[in-house]
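As provided, final31.cif (mmCIF, C-alpha atoms) reads as follows.
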data_final
loop_
_atom_site.label_atom_id
_atom_site.label_comp_id
_atom_site.auth_asym_id
_atom_site.auth_seq_id
_atom_site.Cartn_x
_atom_site.Cartn_y
_atom_site.Cartn_z
CA MET A 1 -104.20 35.71 -26.94
CA ASP A 2 -101.00 36.11 -25.06
CA TYR A 3 -100.46 36.04 -21.33
CA ARG A 4 -97.94 35.78 -18.54
CA LYS A 5 -98.30 34.62 -14.97
CA GLY A 6 -96.55 35.99 -11.94
CA SER A 7 -96.96 37.22 -8.41
CA ILE A 8 -98.29 40.34 -6.78
CA GLY A 9 -95.82 42.89 -5.48
CA ARG A 10 -96.61 46.11 -3.66
CA VAL A 11 -100.08 47.58 -3.32
CA PHE A 12 -100.75 51.33 -3.29
CA SER A 13 -103.70 53.24 -1.85
CA VAL A 14 -103.88 56.61 -3.58
CA ARG A 15 -106.05 59.64 -2.89
CA ILE A 16 -106.23 62.28 -5.63
CA ASP A 17 -107.54 65.51 -4.14
CA HIS A 18 -110.05 68.04 -5.44
CA GLY A 19 -108.85 69.85 -8.55
CA GLU A 20 -105.84 67.60 -9.21
CA ASP A 21 -105.26 65.81 -12.51
CA VAL A 22 -105.89 62.09 -12.02
CA LEU A 23 -103.78 60.83 -14.95
CA GLU A 24 -100.88 63.12 -14.12
CA GLY A 25 -101.03 61.98 -10.49
CA LEU A 26 -100.81 58.34 -11.53
CA SER A 27 -97.92 59.05 -13.93
CA VAL A 28 -95.96 60.94 -11.27
CA LEU A 29 -96.55 58.11 -8.81
CA ALA A 30 -95.42 55.50 -11.35
CA ILE A 31 -92.15 57.40 -11.83
CA MET A 32 -91.55 58.12 -8.12
CA GLU A 33 -92.20 54.53 -7.08
CA ASP A 34 -90.91 52.87 -10.26
CA ILE A 35 -94.17 51.03 -10.95
CA LYS A 36 -93.60 49.19 -14.24
CA SER A 37 -96.45 46.69 -14.32
CA ALA A 38 -99.71 47.10 -12.43
CA PHE A 39 -103.48 47.16 -12.61
CA PHE A 40 -105.85 49.33 -10.58
CA ILE A 41 -109.45 50.13 -9.72
CA MET A 42 -110.78 53.64 -9.16
CA LEU A 43 -113.83 55.29 -7.59
CA GLY A 44 -114.68 58.92 -6.95
CA ALA A 45 -115.86 61.89 -8.94
CA MET A 46 -114.41 63.97 -11.76
CA GLY A 47 -115.15 67.57 -12.70
CA SER A 48 -113.97 67.02 -16.27
CA ALA A 49 -112.39 64.48 -18.60
CA ASP A 50 -111.62 63.94 -22.28
CA LEU A 51 -112.35 60.38 -23.30
CA VAL A 52 -112.42 58.19 -26.39
CA THR A 53 -115.89 56.73 -26.90
CA GLY A 54 -115.11 54.12 -29.54
CA PRO A 55 -114.31 54.29 -33.23
CA LYS A 56 -116.47 55.99 -35.86
CA ASP A 57 -116.78 52.71 -37.77
CA LYS A 58 -115.96 49.07 -37.15
CA VAL A 59 -112.55 49.07 -38.82
CA VAL A 60 -108.96 48.85 -37.59
CA PRO A 61 -106.98 51.02 -37.30
CA PRO A 62 -109.96 53.02 -36.06
CA ASP A 63 -110.89 56.64 -36.61
CA ILE A 64 -111.60 57.36 -32.96
CA VAL A 65 -114.35 59.58 -31.53
CA TRP A 66 -113.38 62.03 -28.78
CA SER A 67 -115.94 63.01 -26.17
CA LYS A 68 -115.72 65.15 -23.06
CA PHE A 69 -117.59 66.29 -20.00
CA ASP A 70 -116.98 69.25 -17.72
CA ASP A 71 -119.97 68.93 -15.45
CA VAL A 72 -119.37 66.65 -12.47
CA ARG A 73 -119.65 62.87 -12.81
CA GLU A 74 -119.46 59.95 -10.43
CA ILE A 75 -116.75 57.57 -11.64
CA ILE A 76 -116.01 53.87 -11.62
CA GLY A 77 -112.79 52.92 -13.36
CA ALA A 78 -110.42 50.07 -14.12
CA GLY A 79 -106.97 50.53 -15.54
CA ASN A 80 -103.36 49.54 -15.74
CA ILE A 81 -99.86 50.97 -15.75
CA PHE A 82 -97.18 49.90 -18.24
CA TRP A 83 -94.46 51.98 -19.85
CA GLU A 84 -94.10 53.10 -23.46
CA ASN A 85 -90.95 54.74 -24.84
CA GLY A 86 -89.48 55.28 -21.38
CA ALA A 87 -92.51 56.88 -19.74
CA PRO A 88 -95.50 55.50 -17.85
CA LYS A 89 -98.69 55.12 -19.84
CA ILE A 90 -101.94 55.03 -17.89
CA HIS A 91 -104.68 52.99 -19.58
CA LEU A 92 -107.96 53.87 -17.87
CA HIS A 93 -111.50 52.87 -18.81
CA GLY A 94 -114.32 54.38 -16.84
CA ALA A 95 -118.02 54.97 -16.68
CA ALA A 96 -118.93 58.54 -15.72
CA GLY A 97 -122.49 59.36 -14.72
CA SER A 98 -124.69 61.85 -12.93
CA SER A 99 -128.37 62.70 -12.79
CA LYS A 100 -127.86 64.30 -16.22
CA GLY A 101 -126.61 61.20 -18.01
CA ILE A 102 -123.88 58.62 -18.34
CA THR A 103 -120.97 58.10 -20.68
CA MET A 104 -118.08 55.67 -20.78
CA GLY A 105 -114.85 55.12 -22.60
CA CYS A 106 -111.08 55.41 -22.47
CA ILE A 107 -110.27 58.42 -20.23
CA ARG A 108 -107.14 60.01 -21.69
CA LYS A 109 -106.85 63.71 -20.79
CA ALA A 110 -108.03 66.50 -18.49
CA ALA A 111 -109.38 64.10 -15.86
CA GLN A 112 -109.79 66.44 -12.90
CA ALA A 113 -110.72 65.04 -9.48
CA PHE A 114 -113.89 66.50 -7.93
CA MET A 115 -113.96 66.16 -4.13
CA VAL A 116 -111.79 63.04 -4.23
CA VAL A 117 -110.76 60.05 -6.35
CA GLU A 118 -109.59 56.87 -4.58
CA ILE A 119 -107.35 54.40 -6.42
CA PHE A 120 -105.99 50.96 -5.48
CA ILE A 121 -102.98 49.83 -7.47
CA VAL A 122 -101.74 46.23 -7.51
CA GLU A 123 -98.17 45.79 -8.76
CA MET A 124 -97.18 42.61 -10.60
CA ASP A 125 -93.76 41.05 -11.36
CA ILE A 126 -94.86 40.47 -14.98
CA ALA A 127 -92.59 42.29 -17.43
CA ALA A 128 -94.56 44.06 -20.16
CA LYS A 129 -94.44 47.27 -22.15
CA ARG A 130 -96.78 49.14 -24.44
CA VAL A 131 -95.58 48.69 -28.02
CA TYR A 132 -97.29 50.45 -30.92
CA ASP A 133 -99.06 48.15 -33.38
CA GLU A 134 -99.94 50.03 -36.56
CA LYS A 135 -102.43 47.36 -37.64
CA ILE A 136 -104.76 48.17 -34.73
CA GLY A 137 -103.64 51.79 -34.23
CA PHE A 138 -102.92 51.28 -30.54
CA SER A 139 -100.11 50.20 -28.21
CA PRO A 140 -101.30 47.03 -26.52
CA MET A 141 -99.67 45.51 -23.44
CA THR A 142 -96.85 43.41 -24.92
CA PHE A 143 -94.86 40.83 -22.96
CA GLU A 144 -91.08 40.70 -22.95
CA MET B 1 -102.37 63.56 -3.84
CA ASP B 2 -101.42 61.40 -0.94
CA TYR B 3 -100.65 57.71 -0.94
CA ARG B 4 -99.20 54.83 1.01
CA LYS B 5 -97.68 51.58 -0.14
CA GLY B 6 -97.98 48.21 1.51
CA SER B 7 -98.73 44.56 1.03
CA ILE B 8 -101.83 42.50 0.47
CA GLY B 9 -103.24 40.56 3.40
CA ARG B 10 -106.24 38.25 3.36
CA VAL B 11 -108.66 37.93 0.47
CA PHE B 12 -112.38 37.26 0.93
CA SER B 13 -114.88 35.74 -1.49
CA VAL B 14 -118.36 36.82 -0.43
CA ARG B 15 -121.78 35.78 -1.67
CA ILE B 16 -124.72 38.00 -0.70
CA ASP B 17 -127.93 36.04 -1.18
CA HIS B 18 -131.30 37.04 -2.63
CA GLY B 19 -133.07 39.68 -0.56
CA GLU B 20 -130.12 40.49 1.71
CA ASP B 21 -128.75 44.02 2.17
CA VAL B 22 -125.38 44.26 0.41
CA LEU B 23 -123.97 47.20 2.39
CA GLU B 24 -125.09 45.74 5.73
CA GLY B 25 -123.54 42.40 4.77
CA LEU B 26 -120.20 44.07 4.04
CA SER B 27 -120.32 46.06 7.29
CA VAL B 28 -121.09 42.96 9.36
CA LEU B 29 -118.24 41.12 7.64
CA ALA B 30 -115.82 44.00 8.27
CA ILE B 31 -116.66 43.85 11.99
CA MET B 32 -116.59 40.04 12.29
CA GLU B 33 -113.26 39.72 10.47
CA ASP B 34 -111.79 43.05 11.62
CA ILE B 35 -111.18 44.31 8.08
CA LYS B 36 -109.78 47.82 8.52
CA SER B 37 -108.33 48.58 5.08
CA ALA B 38 -109.46 46.90 1.87
CA PHE B 39 -110.72 47.36 -1.65
CA PHE B 40 -113.20 45.17 -3.52
CA ILE B 41 -114.96 44.47 -6.79
CA MET B 42 -118.58 43.39 -7.09
CA LEU B 43 -120.84 41.78 -9.69
CA GLY B 44 -124.41 40.56 -9.52
CA ALA B 45 -127.86 42.07 -9.49
CA MET B 46 -129.78 44.33 -7.13
CA GLY B 47 -133.53 44.66 -6.63
CA SER B 48 -133.17 48.16 -5.22
CA ALA B 49 -130.64 50.78 -4.18
CA ASP B 50 -130.46 54.42 -3.12
CA LEU B 51 -127.49 56.13 -4.72
CA VAL B 52 -125.94 59.57 -5.03
CA THR B 53 -125.73 60.61 -8.68
CA GLY B 54 -123.44 63.61 -8.36
CA PRO B 55 -123.89 67.14 -7.08
CA LYS B 56 -126.57 69.57 -8.26
CA ASP B 57 -123.86 72.05 -9.28
CA LYS B 58 -120.10 72.05 -9.67
CA VAL B 59 -119.28 73.42 -6.22
CA VAL B 60 -117.76 71.97 -3.06
CA PRO B 61 -119.14 71.14 -0.58
CA PRO B 62 -121.76 69.81 -2.97
CA ASP B 63 -125.53 69.76 -2.71
CA ILE B 64 -125.89 66.09 -3.64
CA VAL B 65 -128.60 64.50 -5.77
CA TRP B 66 -130.20 61.29 -4.50
CA SER B 67 -131.53 58.76 -6.97
CA LYS B 68 -133.01 55.30 -6.53
CA PHE B 69 -134.19 52.24 -8.38
CA ASP B 70 -136.43 49.42 -7.23
CA ASP B 71 -136.73 47.49 -10.45
CA VAL B 72 -133.96 44.92 -10.94
CA ARG B 73 -130.56 45.97 -12.28
CA GLU B 74 -127.40 44.15 -13.29
CA ILE B 75 -124.51 45.57 -11.25
CA ILE B 76 -120.80 46.16 -11.65
CA GLY B 77 -119.15 47.80 -8.67
CA ALA B 78 -115.86 48.86 -7.16
CA GLY B 79 -115.42 49.89 -3.57
CA ASN B 80 -113.39 49.99 -0.43
CA ILE B 81 -113.63 49.47 3.32
CA PHE B 82 -112.16 51.88 5.85
CA TRP B 83 -113.49 52.89 9.26
CA GLU B 84 -114.96 56.18 10.42
CA ASN B 85 -115.72 56.99 14.05
CA GLY B 86 -115.24 53.38 15.15
CA ALA B 87 -117.47 51.73 12.55
CA PRO B 88 -116.82 50.36 9.06
CA LYS B 89 -117.77 52.64 6.18
CA ILE B 90 -118.42 51.00 2.83
CA HIS B 91 -117.61 53.24 -0.14
CA LEU B 92 -119.21 51.66 -3.22
CA HIS B 93 -119.52 53.03 -6.73
CA GLY B 94 -121.52 51.06 -9.22
CA ALA B 95 -123.21 51.07 -12.58
CA ALA B 96 -126.70 49.56 -12.51
CA GLY B 97 -128.44 48.70 -15.76
CA SER B 98 -131.20 46.68 -17.34
CA SER B 99 -133.12 46.66 -20.60
CA LYS B 100 -134.97 49.70 -19.20
CA GLY B 101 -131.94 51.92 -18.68
CA ILE B 102 -128.73 52.50 -16.82
CA THR B 103 -127.68 54.66 -13.91
CA MET B 104 -124.51 54.95 -11.89
CA GLY B 105 -123.26 56.60 -8.74
CA CYS B 106 -122.33 56.12 -5.12
CA ILE B 107 -124.54 53.32 -3.75
CA ARG B 108 -125.28 54.22 -0.12
CA LYS B 109 -128.52 52.62 1.12
CA ALA B 110 -131.16 49.97 0.54
CA ALA B 111 -128.92 47.92 -1.81
CA GLN B 112 -130.81 44.65 -1.88
CA ALA B 113 -129.29 41.62 -3.63
CA PHE B 114 -131.41 40.09 -6.40
CA MET B 115 -130.56 36.41 -7.08
CA VAL B 116 -126.96 36.90 -5.93
CA VAL B 117 -124.15 39.45 -5.55
CA GLU B 118 -120.54 38.20 -5.62
CA ILE B 119 -117.80 40.29 -3.98
CA PHE B 120 -114.01 39.89 -3.84
CA ILE B 121 -112.29 41.82 -1.05
CA VAL B 122 -108.54 42.40 -0.95
CA GLU B 123 -107.20 43.44 2.45
CA MET B 124 -104.17 45.74 2.71
CA ASP B 125 -101.75 46.49 5.57
CA ILE B 126 -102.10 50.23 4.84
CA ALA B 127 -103.45 52.13 7.85
CA ALA B 128 -106.13 54.64 6.86
CA LYS B 129 -109.41 55.99 8.19
CA ARG B 130 -112.26 58.08 6.83
CA VAL B 131 -111.97 61.59 8.32
CA TYR B 132 -114.60 64.22 7.60
CA ASP B 133 -113.36 67.21 5.57
CA GLU B 134 -115.89 70.04 5.70
CA LYS B 135 -114.32 71.80 2.70
CA ILE B 136 -115.38 68.98 0.35
CA GLY B 137 -118.34 67.74 2.41
CA PHE B 138 -117.08 64.16 2.46
CA SER B 139 -114.85 61.85 4.49
CA PRO B 140 -111.98 60.86 2.21
CA MET B 141 -109.60 57.98 2.89
CA THR B 142 -106.96 59.60 5.14
CA PHE B 143 -103.65 57.99 5.99
CA GLU B 144 -102.31 57.73 9.53
CA MET C 1 -124.44 35.71 3.10
CA ASP C 2 -121.68 33.17 2.96
CA TYR C 3 -117.99 33.78 2.60
CA ARG C 4 -114.53 32.28 2.89
CA LYS C 5 -111.18 33.88 3.50
CA GLY C 6 -107.86 32.90 2.01
CA SER C 7 -104.74 34.11 0.28
CA ILE C 8 -103.87 35.28 -3.19
CA GLY C 9 -102.05 32.87 -5.50
CA ARG C 10 -100.86 33.55 -9.00
CA VAL C 11 -101.73 36.64 -11.00
CA PHE C 12 -102.22 36.61 -14.79
CA SER C 13 -101.93 39.45 -17.29
CA VAL C 14 -103.88 38.48 -20.39
CA ARG C 15 -104.16 40.16 -23.77
CA ILE C 16 -107.03 39.03 -26.02
CA ASP C 17 -106.27 40.11 -29.58
CA HIS C 18 -108.48 41.62 -32.28
CA GLY C 19 -111.20 39.25 -33.45
CA GLU C 20 -110.70 36.66 -30.72
CA ASP C 21 -113.49 35.45 -28.45
CA VAL C 22 -112.94 36.86 -24.95
CA LEU C 23 -114.95 34.27 -23.02
CA GLU C 24 -113.44 31.36 -24.94
CA GLY C 25 -109.95 32.78 -24.33
CA LEU C 26 -110.59 32.92 -20.58
CA SER C 27 -112.01 29.40 -20.54
CA VAL C 28 -109.03 27.99 -22.45
CA LEU C 29 -106.66 29.79 -20.07
CA ALA C 30 -108.50 28.45 -17.01
CA ILE C 31 -108.08 24.91 -18.33
CA MET C 32 -104.44 25.30 -19.44
CA GLU C 33 -103.37 26.87 -16.14
CA ASP C 34 -105.84 25.02 -13.91
CA ILE C 35 -107.38 28.21 -12.51
CA LYS C 36 -110.17 27.04 -10.19
CA SER C 37 -110.92 30.15 -8.14
CA ALA C 38 -110.19 33.69 -9.28
CA PHE C 39 -111.56 37.16 -9.88
CA PHE C 40 -110.56 39.59 -12.63
CA ILE C 41 -110.93 43.07 -14.06
CA MET C 42 -111.11 43.84 -17.78
CA LEU C 43 -110.70 46.86 -20.06
CA GLY C 44 -110.65 47.19 -23.82
CA ALA C 45 -113.13 47.16 -26.65
CA MET C 46 -115.50 44.59 -28.10
CA GLY C 47 -116.92 44.33 -31.60
CA SER C 48 -119.87 42.29 -30.43
CA ALA C 49 -121.39 40.58 -27.40
CA ASP C 50 -124.58 38.88 -26.28
CA LEU C 51 -125.49 39.91 -22.75
CA VAL C 52 -128.27 39.46 -20.24
CA THR C 53 -129.73 42.82 -19.24
CA GLY C 54 -131.77 41.79 -16.24
CA PRO C 55 -135.03 39.92 -15.79
CA LYS C 56 -138.32 40.85 -17.43
CA ASP C 57 -139.96 41.18 -14.01
CA LYS C 58 -138.83 41.26 -10.40
CA VAL C 59 -139.34 37.57 -9.67
CA VAL C 60 -137.03 34.61 -9.08
CA PRO C 61 -136.32 32.45 -10.94
CA PRO C 62 -136.25 35.23 -13.52
CA ASP C 63 -137.36 35.28 -17.12
CA ILE C 64 -134.17 36.89 -18.43
CA VAL C 65 -133.84 39.49 -21.21
CA TRP C 66 -131.15 38.94 -23.83
CA SER C 67 -129.56 41.93 -25.50
CA LYS C 68 -126.71 42.25 -27.98
CA PHE C 69 -124.49 44.71 -29.77
CA ASP C 70 -122.37 44.28 -32.88
CA ASP C 71 -121.13 47.81 -33.31
CA VAL C 72 -117.95 48.53 -31.37
CA ARG C 73 -118.06 49.39 -27.66
CA GLU C 74 -115.52 50.46 -25.09
CA ILE C 75 -115.63 47.99 -22.19
CA ILE C 76 -115.08 47.98 -18.47
CA GLY C 77 -115.65 44.63 -16.82
CA ALA C 78 -115.39 42.69 -13.58
CA GLY C 79 -115.68 38.96 -13.32
CA ASN C 80 -114.67 35.70 -11.79
CA ILE C 81 -113.70 32.14 -12.66
CA PHE C 82 -115.12 29.11 -10.89
CA TRP C 83 -115.97 25.70 -12.29
CA GLU C 84 -119.35 24.07 -12.86
CA ASN C 85 -119.80 20.41 -13.84
CA GLY C 86 -116.10 19.97 -14.58
CA ALA C 87 -115.63 23.00 -16.84
CA PRO C 88 -114.67 26.61 -16.17
CA LYS C 89 -117.54 29.08 -16.01
CA ILE C 90 -116.70 32.72 -16.68
CA HIS C 91 -118.99 35.15 -14.87
CA LEU C 92 -118.47 38.58 -16.44
CA HIS C 93 -120.38 41.80 -15.86
CA GLY C 94 -119.53 44.75 -18.02
CA ALA C 95 -120.57 48.18 -19.17
CA ALA C 96 -120.24 48.67 -22.93
CA GLY C 97 -120.47 52.13 -24.41
CA SER C 98 -119.67 54.27 -27.40
CA SER C 99 -120.75 57.62 -28.80
CA LYS C 100 -123.97 55.83 -29.85
CA GLY C 101 -125.01 54.69 -26.37
CA ILE C 102 -124.28 52.51 -23.41
CA THR C 103 -125.54 49.18 -22.16
CA MET C 104 -124.53 46.89 -19.35
CA GLY C 105 -125.20 43.42 -18.09
CA CYS C 106 -123.92 39.88 -17.82
CA ILE C 107 -121.79 39.22 -20.93
CA ARG C 108 -122.32 35.55 -21.84
CA LYS C 109 -121.66 34.88 -25.53
CA ALA C 110 -120.08 36.16 -28.74
CA ALA C 111 -117.82 38.64 -26.93
CA GLN C 112 -115.34 39.46 -29.68
CA ALA C 113 -112.29 41.60 -28.90
CA PHE C 114 -111.93 44.77 -31.00
CA MET C 115 -108.33 46.04 -31.17
CA VAL C 116 -107.48 44.53 -27.78
CA VAL C 117 -108.92 43.49 -24.42
CA GLU C 118 -106.65 43.49 -21.36
CA ILE C 119 -107.49 41.30 -18.36
CA PHE C 120 -105.90 40.92 -14.92
CA ILE C 121 -106.75 37.72 -13.09
CA VAL C 122 -106.11 37.21 -9.38
CA GLU C 123 -106.14 33.59 -8.25
CA MET C 124 -107.31 32.67 -4.74
CA ASP C 125 -106.84 29.54 -2.60
CA ILE C 126 -110.56 29.61 -1.74
CA ALA C 127 -112.32 26.41 -2.85
CA ALA C 128 -115.65 27.14 -4.51
CA LYS C 129 -117.76 25.86 -7.39
CA ARG C 130 -120.81 27.02 -9.27
CA VAL C 131 -123.79 24.91 -8.16
CA TYR C 132 -127.20 25.35 -9.77
CA ASP C 133 -129.90 26.69 -7.46
CA GLU C 134 -133.34 26.25 -9.02
CA LYS C 135 -134.93 28.75 -6.63
CA ILE C 136 -132.97 31.63 -8.16
CA GLY C 137 -132.43 30.08 -11.61
CA PHE C 138 -128.68 30.58 -11.47
CA SER C 139 -125.50 28.82 -10.30
CA PRO C 140 -124.01 31.03 -7.60
CA MET C 141 -120.47 30.69 -6.27
CA THR C 142 -120.82 27.98 -3.60
CA PHE C 143 -118.13 27.18 -1.05
CA GLU C 144 -116.95 23.66 -0.33
#
Taking this structure as input, can you express it in the form of structure tokens?
Amino acid sequence: MDYRKGSIGRVFSVRIDHGEDVLEGLSVLAIMEDIKSAFFIMLGAMGSADLVTGPKDKVVPPDIVWSKFDDVREIIGAGNIFWENGAPKIHLHGAAGSSKGITMGCIRKAAQAFMVVEIFIVEMDIAAKRVYDEKIGFSPMTFE
Amino acid sequence: MDYRKGSIGRVFSVRIDHGEDVLEGLSVLAIMEDIKSAFFIMLGAMGSADLVTGPKDKVVPPDIVWSKFDDVREIIGAGNIFWENGAPKIHLHGAAGSSKGITMGCIRKAAQAFMVVEIFIVEMDIAAKRVYDEKIGFSPMTFE
Amino acid sequence: MDYRKGSIGRVFSVRIDHGEDVLEGLSVLAIMEDIKSAFFIMLGAMGSADLVTGPKDKVVPPDIVWSKFDDVREIIGAGNIFWENGAPKIHLHGAAGSSKGITMGCIRKAAQAFMVVEIFIVEMDIAAKRVYDEKIGFSPMTFE
């Protein structure tokens, strides 16, 4: 375990409109507003997304399983914004369900807003970056 | 995409007790405390809820699907509070599961607390209202 | 319904590393940093967890159903930290899914981080404790 404590900075209310890419929207916002350290919650609907639904087996580094949906799903999400190699990296976990079923995982690509997605970002003054760790095959939040 | 930035105001810890209506409780609180712009997280259990589990087809405005449960479900939720036509509007997405199954969607009616529901509301100084948009058939958070 | 209003205090970014116990990590942190009143969001993966997936029947106090997983699951969680009988009590609800399925509930034991779990804790100046209520068979957040 590692942690840092700090204070809350700015807060952002964000509306991603129908057909827009949710992850791209968050990345653009992070650059425009220079958001370097933040967490967020998300609710809305998505018309598609590519997500990682865990590893094939219980080993690290994992051989990850990709999943996707392109029907419409209601979404609840939690995520954070830190930077890796000079660019914002959006880490977003979400559950995505409809009357046809439910899936959840790490939403990484092609996350298209359906109707609307509403996001609330809380900025922190805690310096951290994403730094690749080859042992776990992922870039965890790493404090400076 | 549209967004506004601001600061955090008051925070509320709320306990909804067994048998009480969760959405009505939040609406009453929003009126009593004049909460005009806020997001929240929720955890607890519900004995019933009516929820929207996506559209029938991938078109806007959507023909929405209503679902319900009246057995008991564990809940995780994320939501927000803005006003529409002079009254608070609670937008709540949640996943609701038990040993019998799991559903998720936009919880809109008849959300009755079972044992207890705990809610943490973060108020923002970001002026926004819900304004109906007939193209998407919904009232998204709209900034002033 | 009961509630209190207040202000936000410190914020904590926490990384629980591969193989560590998530609930124990949060309890240790609450003691070290004297966190008495807080809520949090969580994302990451877990290699195992014991969770309560609702009551057997719709009665209070409930006869609860225990469930568990020990394959790896992607996690989204929301929780809070209050104290009960002089020790921190972590109340955590989460959805846990992979390509093999999805479950959700109140994560109470044996929650082992897989790769990494990232947590964002928001402290409040709202005095509350967990006090056992035999009518509902649970210790809800109770204001002082």
Report the residues retrieved by the PyMOL selection byres ((chain B and resi 111) around 12) from the displayed file, expressed as a ChimeraX atom specification. /B:16-26,44-51,68-73,75,77,90,92-94,96,106-110,112-114,116-117
Find the residues in chain A near chain C: any atom within 9 Å counts, using only C-alpha atoms. Write them as a PyMOL selection string. chain A and resi 1-8+39-41+52-62+65-67+77-80+91-95+102-106+124+126+135-138+140-142
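Atom to atom, atom CA of A:Lys129 and atom CA of B:Asp125 stand 28.7 Å apart.
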Could you tell me how far atom CA of C:Ala128 lies from atom CA of B:Ser37, in Å and to one decimal? 24.6 Å
Would you kindly return, as a ChimeraX atom specification, each protein, DNA or RNA residue with an atom no farther than 8 Å from any atom of C:Ala127, considering all atoms listed in the file and excluding same-chain residues fewer than 3 positions away? /C:36-37,143-144
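Taking atom CA of B:Tyr132 and atom CA of B:Met32 as the two end points, the separation is 24.7 Å.
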Take the point (-88.0, 55.0, -23.0) as written in the file and pick out every residue within 12 Å of it, counting only C-alpha atoms; give the list as a PyMOL selection string. chain A and resi 36+82-89+129-131
